[in-house]
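entry.cif follows (mmCIF, C-alpha atoms and all ligand atoms):
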data_structure
loop_
_atom_site.group_PDB
_atom_site.id
_atom_site.type_symbol
_atom_site.label_atom_id
_atom_site.label_comp_id
_atom_site.auth_asym_id
_atom_site.auth_seq_id
_atom_site.Cartn_x
_atom_site.Cartn_y
_atom_site.Cartn_z
ATOM 1 C CA MET A 1 117.883 111.120 99.641
ATOM 2 C CA ASN A 2 115.715 108.024 99.477
ATOM 3 C CA GLN A 3 114.893 106.048 96.331
ATOM 4 C CA ILE A 4 112.259 108.554 95.134
ATOM 5 C CA GLY A 5 114.471 111.578 95.771
ATOM 6 C CA LEU A 6 112.991 112.709 99.093
ATOM 7 C CA ASP A 7 115.005 113.657 102.147
ATOM 8 C CA GLU A 8 115.411 110.508 104.264
ATOM 9 C CA GLN A 9 114.620 112.171 107.596
ATOM 10 C CA LYS A 10 111.484 113.713 106.158
ATOM 11 C CA ALA A 11 110.441 110.361 104.663
ATOM 12 C CA ILE A 12 110.792 108.809 108.134
ATOM 13 C CA LYS A 13 108.563 111.489 109.691
ATOM 14 C CA LEU A 14 106.014 111.148 106.904
ATOM 15 C CA SER A 15 105.951 107.367 107.279
ATOM 16 C CA GLN A 16 105.428 107.585 111.043
ATOM 17 C CA LYS A 17 102.523 109.961 110.575
ATOM 18 C CA LEU A 18 101.087 107.787 107.798
ATOM 19 C CA ASN A 19 101.305 104.781 110.143
ATOM 20 C CA GLU A 20 99.310 106.768 112.680
ATOM 21 C CA LEU A 21 96.686 107.450 110.028
ATOM 22 C CA LEU A 22 96.720 103.775 109.034
ATOM 23 C CA ALA A 23 96.159 102.674 112.643
ATOM 24 C CA ASN A 24 93.188 105.018 112.996
ATOM 25 C CA TYR A 25 91.733 103.855 109.683
ATOM 26 C CA GLN A 26 91.940 100.208 110.711
ATOM 27 C CA ILE A 27 89.892 100.878 113.852
ATOM 28 C CA PHE A 28 87.478 103.031 111.851
ATOM 29 C CA TYR A 29 87.171 100.242 109.263
ATOM 30 C CA MET A 30 86.305 97.624 111.892
ATOM 31 C CA ASN A 31 83.860 100.024 113.573
ATOM 32 C CA THR A 32 81.989 100.634 110.319
ATOM 33 C CA ARG A 33 81.808 96.885 109.649
ATOM 34 C CA GLY A 34 80.267 96.492 113.102
ATOM 35 C CA PHE A 35 77.725 99.224 112.326
ATOM 36 C CA HIS A 36 76.890 97.533 109.014
ATOM 37 C CA TRP A 37 76.258 94.229 110.775
ATOM 38 C CA ASN A 38 74.526 95.317 113.970
ATOM 39 C CA ILE A 39 72.363 98.249 112.919
ATOM 40 C CA LYS A 40 68.645 97.869 113.744
ATOM 41 C CA GLY A 41 65.475 99.884 113.250
ATOM 42 C CA ASN A 42 63.499 101.517 110.464
ATOM 43 C CA LYS A 43 66.594 102.957 108.763
ATOM 44 C CA PHE A 44 68.202 99.519 108.549
ATOM 45 C CA PHE A 45 68.282 99.182 104.767
ATOM 46 C CA GLU A 46 69.519 102.739 104.209
ATOM 47 C CA LEU A 47 72.273 102.626 106.835
ATOM 48 C CA HIS A 48 73.307 99.011 106.272
ATOM 49 C CA LEU A 49 74.103 100.014 102.683
ATOM 50 C CA LYS A 50 75.691 103.372 103.591
ATOM 51 C CA PHE A 51 78.043 101.726 106.095
ATOM 52 C CA GLU A 52 79.037 99.150 103.500
ATOM 53 C CA GLU A 53 79.995 102.026 101.168
ATOM 54 C CA LEU A 54 82.049 103.532 103.964
ATOM 55 C CA TYR A 55 83.982 100.399 104.932
ATOM 56 C CA THR A 56 84.631 99.547 101.277
ATOM 57 C CA ASP A 57 86.071 103.029 100.785
ATOM 58 C CA SER A 58 88.133 102.702 103.985
ATOM 59 C CA GLN A 59 89.533 99.397 102.779
ATOM 60 C CA ILE A 60 90.815 101.119 99.634
ATOM 61 C CA LYS A 61 92.302 103.985 101.656
ATOM 62 C CA ILE A 62 93.985 101.569 104.094
ATOM 63 C CA ASP A 63 95.739 99.908 101.179
ATOM 64 C CA GLU A 64 96.709 103.256 99.632
ATOM 65 C CA ILE A 65 98.167 104.529 102.914
ATOM 66 C CA ALA A 66 100.125 101.307 103.543
ATOM 67 C CA GLU A 67 101.502 101.281 100.006
ATOM 68 C CA ARG A 68 102.442 104.966 100.242
ATOM 69 C CA ILE A 69 104.545 104.078 103.317
ATOM 70 C CA LEU A 70 106.262 101.348 101.280
ATOM 71 C CA THR A 71 106.787 103.785 98.401
ATOM 72 C CA LEU A 72 108.527 106.126 100.862
ATOM 73 C CA GLY A 73 110.848 103.228 101.751
ATOM 74 C CA HIS A 74 109.316 102.197 105.078
ATOM 75 C CA THR A 75 107.127 99.479 106.601
ATOM 76 C CA PRO A 76 103.402 99.792 107.260
ATOM 77 C CA LEU A 77 102.179 98.542 110.632
ATOM 78 C CA HIS A 78 100.132 95.382 110.219
ATOM 79 C CA THR A 79 99.182 94.064 113.645
ATOM 80 C CA PHE A 80 96.104 95.022 115.616
ATOM 81 C CA GLN A 81 98.271 95.371 118.707
ATOM 82 C CA ASP A 82 100.196 98.173 116.993
ATOM 83 C CA TYR A 83 97.000 99.736 115.678
ATOM 84 C CA LEU A 84 95.362 99.791 119.103
ATOM 85 C CA GLY A 85 98.476 101.267 120.680
ATOM 86 C CA LEU A 86 98.570 104.114 118.185
ATOM 87 C CA ALA A 87 94.959 104.909 117.232
ATOM 88 C CA LYS A 88 92.972 107.748 118.729
ATOM 89 C CA VAL A 89 89.726 106.547 117.123
ATOM 90 C CA LYS A 90 87.974 104.548 119.819
ATOM 91 C CA GLN A 91 86.630 101.051 119.242
ATOM 92 C CA ALA A 92 82.831 101.061 119.007
ATOM 93 C CA LYS A 93 81.251 97.868 120.299
ATOM 94 C CA ASN A 94 77.691 96.573 119.831
ATOM 95 C CA VAL A 95 76.282 99.783 118.358
ATOM 96 C CA SER A 96 72.833 99.049 116.904
ATOM 97 C CA ASP A 97 71.307 102.523 117.005
ATOM 98 C CA GLY A 98 71.594 104.468 113.730
ATOM 99 C CA ASN A 99 72.137 107.903 115.276
ATOM 100 C CA GLU A 100 74.759 106.557 117.643
ATOM 101 C CA ALA A 101 76.617 104.919 114.746
ATOM 102 C CA VAL A 102 76.546 108.164 112.746
ATOM 103 C CA SER A 103 77.829 110.093 115.812
ATOM 104 C CA GLU A 104 80.697 107.616 116.149
ATOM 105 C CA ILE A 105 81.533 108.146 112.474
ATOM 106 C CA LEU A 106 81.569 111.931 112.959
ATOM 107 C CA ASN A 107 83.822 111.489 116.027
ATOM 108 C CA ALA A 108 86.236 109.429 113.945
ATOM 109 C CA TYR A 109 86.417 112.173 111.314
ATOM 110 C CA LYS A 110 87.428 114.583 114.101
ATOM 111 C CA VAL A 111 90.546 112.436 114.432
ATOM 112 C CA LEU A 112 91.105 111.505 110.783
ATOM 113 C CA ILE A 113 90.713 114.907 109.103
ATOM 114 C CA PRO A 114 93.111 116.831 111.429
ATOM 115 C CA LEU A 115 95.647 114.014 111.021
ATOM 116 C CA GLU A 116 95.315 114.296 107.249
ATOM 117 C CA ARG A 117 95.809 118.064 107.481
ATOM 118 C CA GLU A 118 98.992 117.488 109.503
ATOM 119 C CA LEU A 119 100.153 115.124 106.760
ATOM 120 C CA LEU A 120 99.209 117.674 104.123
ATOM 121 C CA ASN A 121 101.473 120.266 105.794
ATOM 122 C CA LEU A 122 104.264 117.799 106.415
ATOM 123 C CA SER A 123 104.210 116.515 102.834
ATOM 124 C CA ASP A 124 104.137 120.097 101.581
ATOM 125 C CA GLU A 125 107.270 120.951 103.590
ATOM 126 C CA SER A 126 108.896 117.723 102.351
ATOM 127 C CA ASP A 127 108.148 118.266 98.620
ATOM 128 C CA ASP A 128 106.227 114.984 98.737
ATOM 129 C CA GLU A 129 103.579 115.635 96.092
ATOM 130 C CA GLY A 130 102.377 112.000 96.122
ATOM 131 C CA THR A 131 101.331 112.056 99.785
ATOM 132 C CA ASN A 132 100.116 115.627 99.418
ATOM 133 C CA ALA A 133 97.727 114.758 96.567
ATOM 134 C CA LEU A 134 96.414 111.721 98.452
ATOM 135 C CA MET A 135 95.705 113.744 101.582
ATOM 136 C CA SER A 136 94.023 116.577 99.736
ATOM 137 C CA ASP A 137 91.641 114.051 98.080
ATOM 138 C CA TYR A 138 90.846 112.414 101.425
ATOM 139 C CA ILE A 139 90.228 115.755 103.138
ATOM 140 C CA ARG A 140 87.876 117.011 100.415
ATOM 141 C CA GLU A 141 85.874 113.763 100.338
ATOM 142 C CA GLN A 142 85.602 113.510 104.103
ATOM 143 C CA GLU A 143 84.656 117.109 104.700
ATOM 144 C CA LYS A 144 81.712 116.455 102.390
ATOM 145 C CA LEU A 145 80.827 113.291 104.319
ATOM 146 C CA VAL A 146 80.898 115.280 107.570
ATOM 147 C CA TRP A 147 78.358 117.663 106.075
ATOM 148 C CA MET A 148 76.149 114.748 104.971
ATOM 149 C CA TYR A 149 76.335 112.748 108.210
ATOM 150 C CA SER A 150 75.751 115.910 110.244
ATOM 151 C CA SER A 151 72.679 116.666 108.113
ATOM 152 C CA TYR A 152 71.392 113.166 108.797
ATOM 153 C CA LEU A 153 71.490 113.851 112.547
ATOM 154 C CA ASN A 154 69.666 117.222 112.317
HETATM 155 FE FE FE B 201 77.333 92.769 104.254
#

Could you spell out this file's structure in structure tokens?
Ligand SMILES: [Fe+2]
Amino acid sequence: MNQIGLDEQKAIKLSQKLNELLANYQIFYMNTRGFHWNIKGNKFFELHLKFEELYTDSQIKIDEIAERILTLGHTPLHTFQDYLGLAKVKQAKNVSDGNEAVSEILNAYKVLIPLERELLNLSDESDDEGTNALMSDYIREQEKLVWMYSSYLN
């Protein structure tokens, strides 16, 4: 048992998976900042603001994920080298087209949401209600964002 009463081996597995999610979120965060800065065209004001909302939200989630890892008794990754080695979300460089930025965001959710579902199952099997509740909030919010960003492209 660890300090919050969870099986130690399960806490290790959960922390590793949460570190994977953290790594992907850090790349996603930096991508959305780039979109916020570099976007051009007649949707500038709309998207500049929307991307700010997204990176602000990601910043909160990054902190929540890292602190969940600490709560489980482990150490969150905190170097970009580690993040790049682990993340499946690709770095997006010099994207100034609105539709391209939105497509990149949708691609990132194809990585993030399945990873969160894996964590949802793993936390369920591990009786880890704290991680479970966090993941179910993220999944619900992001599924809605996928609907909205997909509607933007159609
Ligand atoms: Fe700004």

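In this comparison, which uses all atoms listed in the file, the residue of A:Phe45, A:Phe28, A:Tyr55, A:Tyr149 approaching Glu100 of chain A most closely is A:Tyr149.
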
The PyMOL selection byres (((chain A and resi 41) around 9) and not hetatm) applied to the shown file, residues as JSON, numbers by chain: {"A": [39, 40, 42, 43, 44, 45, 96, 97, 98]}

Would you translate the PyMOL selection byres (((chain A and resi 125-131) around 9) and not hetatm) into the concrete set of residues it matches in this file, as a PDB file with C-alpha atoms, in the coordinates of the input?
ATOM      1  CA  LEU A   6     112.991 112.709  99.093  1.00  0.00           C
ATOM      2  CA  ASP A   7     115.005 113.657 102.147  1.00  0.00           C
ATOM      3  CA  LYS A  10     111.484 113.713 106.158  1.00  0.00           C
ATOM      4  CA  ALA A  11     110.441 110.361 104.663  1.00  0.00           C
ATOM      5  CA  LEU A  14     106.014 111.148 106.904  1.00  0.00           C
ATOM      6  CA  ILE A  65      98.167 104.529 102.914  1.00  0.00           C
ATOM      7  CA  ARG A  68     102.442 104.966 100.242  1.00  0.00           C
ATOM      8  CA  LEU A 119     100.153 115.124 106.760  1.00  0.00           C
ATOM      9  CA  LEU A 120      99.209 117.674 104.123  1.00  0.00           C
ATOM     10  CA  ASN A 121     101.473 120.266 105.794  1.00  0.00           C
ATOM     11  CA  LEU A 122     104.264 117.799 106.415  1.00  0.00           C
ATOM     12  CA  SER A 123     104.210 116.515 102.834  1.00  0.00           C
ATOM     13  CA  ASP A 124     104.137 120.097 101.581  1.00  0.00           C
ATOM     14  CA  ASN A 132     100.116 115.627  99.418  1.00  0.00           C
ATOM     15  CA  ALA A 133      97.727 114.758  96.567  1.00  0.00           C
ATOM     16  CA  LEU A 134      96.414 111.721  98.452  1.00  0.00           C
ATOM     17  CA  MET A 135      95.705 113.744 101.582  1.00  0.00           C
ATOM     18  CA  SER A 136      94.023 116.577  99.736  1.00  0.00           C
TER      19      SER A 136
END

At most 12 Å is the cut-off: for each residue in chain A with any atom that close to an atom of ligand FE 201 (chain B), write down the nearest atom pair and the distance in Å rounded to one decimal, counting only C-alpha atoms and all ligand atoms, chain first then increasing number, as CSV.
residue,atom,partner,partner_atom,distance
A:Thr32,CA,B:FE201,FE,11.0
A:Arg33,CA,B:FE201,FE,8.1
A:Gly34,CA,B:FE201,FE,10.0
A:Phe35,CA,B:FE201,FE,10.3
A:His36,CA,B:FE201,FE,6.7
A:Trp37,CA,B:FE201,FE,6.8
A:Asn38,CA,B:FE201,FE,10.4
A:Ile39,CA,B:FE201,FE,11.4
A:Phe45,CA,B:FE201,FE,11.1
A:Leu47,CA,B:FE201,FE,11.4
A:His48,CA,B:FE201,FE,7.7
A:Leu49,CA,B:FE201,FE,8.1
A:Lys50,CA,B:FE201,FE,10.7
A:Phe51,CA,B:FE201,FE,9.2
A:Glu52,CA,B:FE201,FE,6.6
A:Glu53,CA,B:FE201,FE,10.1
A:Leu54,CA,B:FE201,FE,11.8
A:Tyr55,CA,B:FE201,FE,10.1
A:Thr56,CA,B:FE201,FE,10.4

Pick from A:Gly73, A:Lys93, A:Ile12, A:Gln59 nearest to Tyr25 of chain A, counting all atoms listed in the file: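 That would be A:Gln59, the residue with the smallest distance to Tyr25 of chain A.
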
Resolved residues for the PyMOL selection byres (((chain A and resi 112) around 12) and not hetatm) as a ChimeraX atom specification: /A:17-18,20-28,58,61,87-90,105-111,113-119,135,138-139,141-143,146

Nearest candidate to Leu72 of chain A (options A:Ser151, A:Gln9, A:Asn31, A:Asn94; using all atoms listed in the file): A:Gln9

Separation of atom CA of Gly85 of chain A from atom CA of Asn99 of chain A in Å: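 About the pair atom CA of Asn99 of chain A and atom CA of Gly85 of chain A: they are 27.7 Å apart.
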
Nearest candidate to Ser15 of chain A (options A:Ala92, A:Leu145, A:Leu153, A:Leu77; using only C-alpha atoms):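 Checking each candidate against Ser15 of chain A, we get A:Leu77 as the closest.
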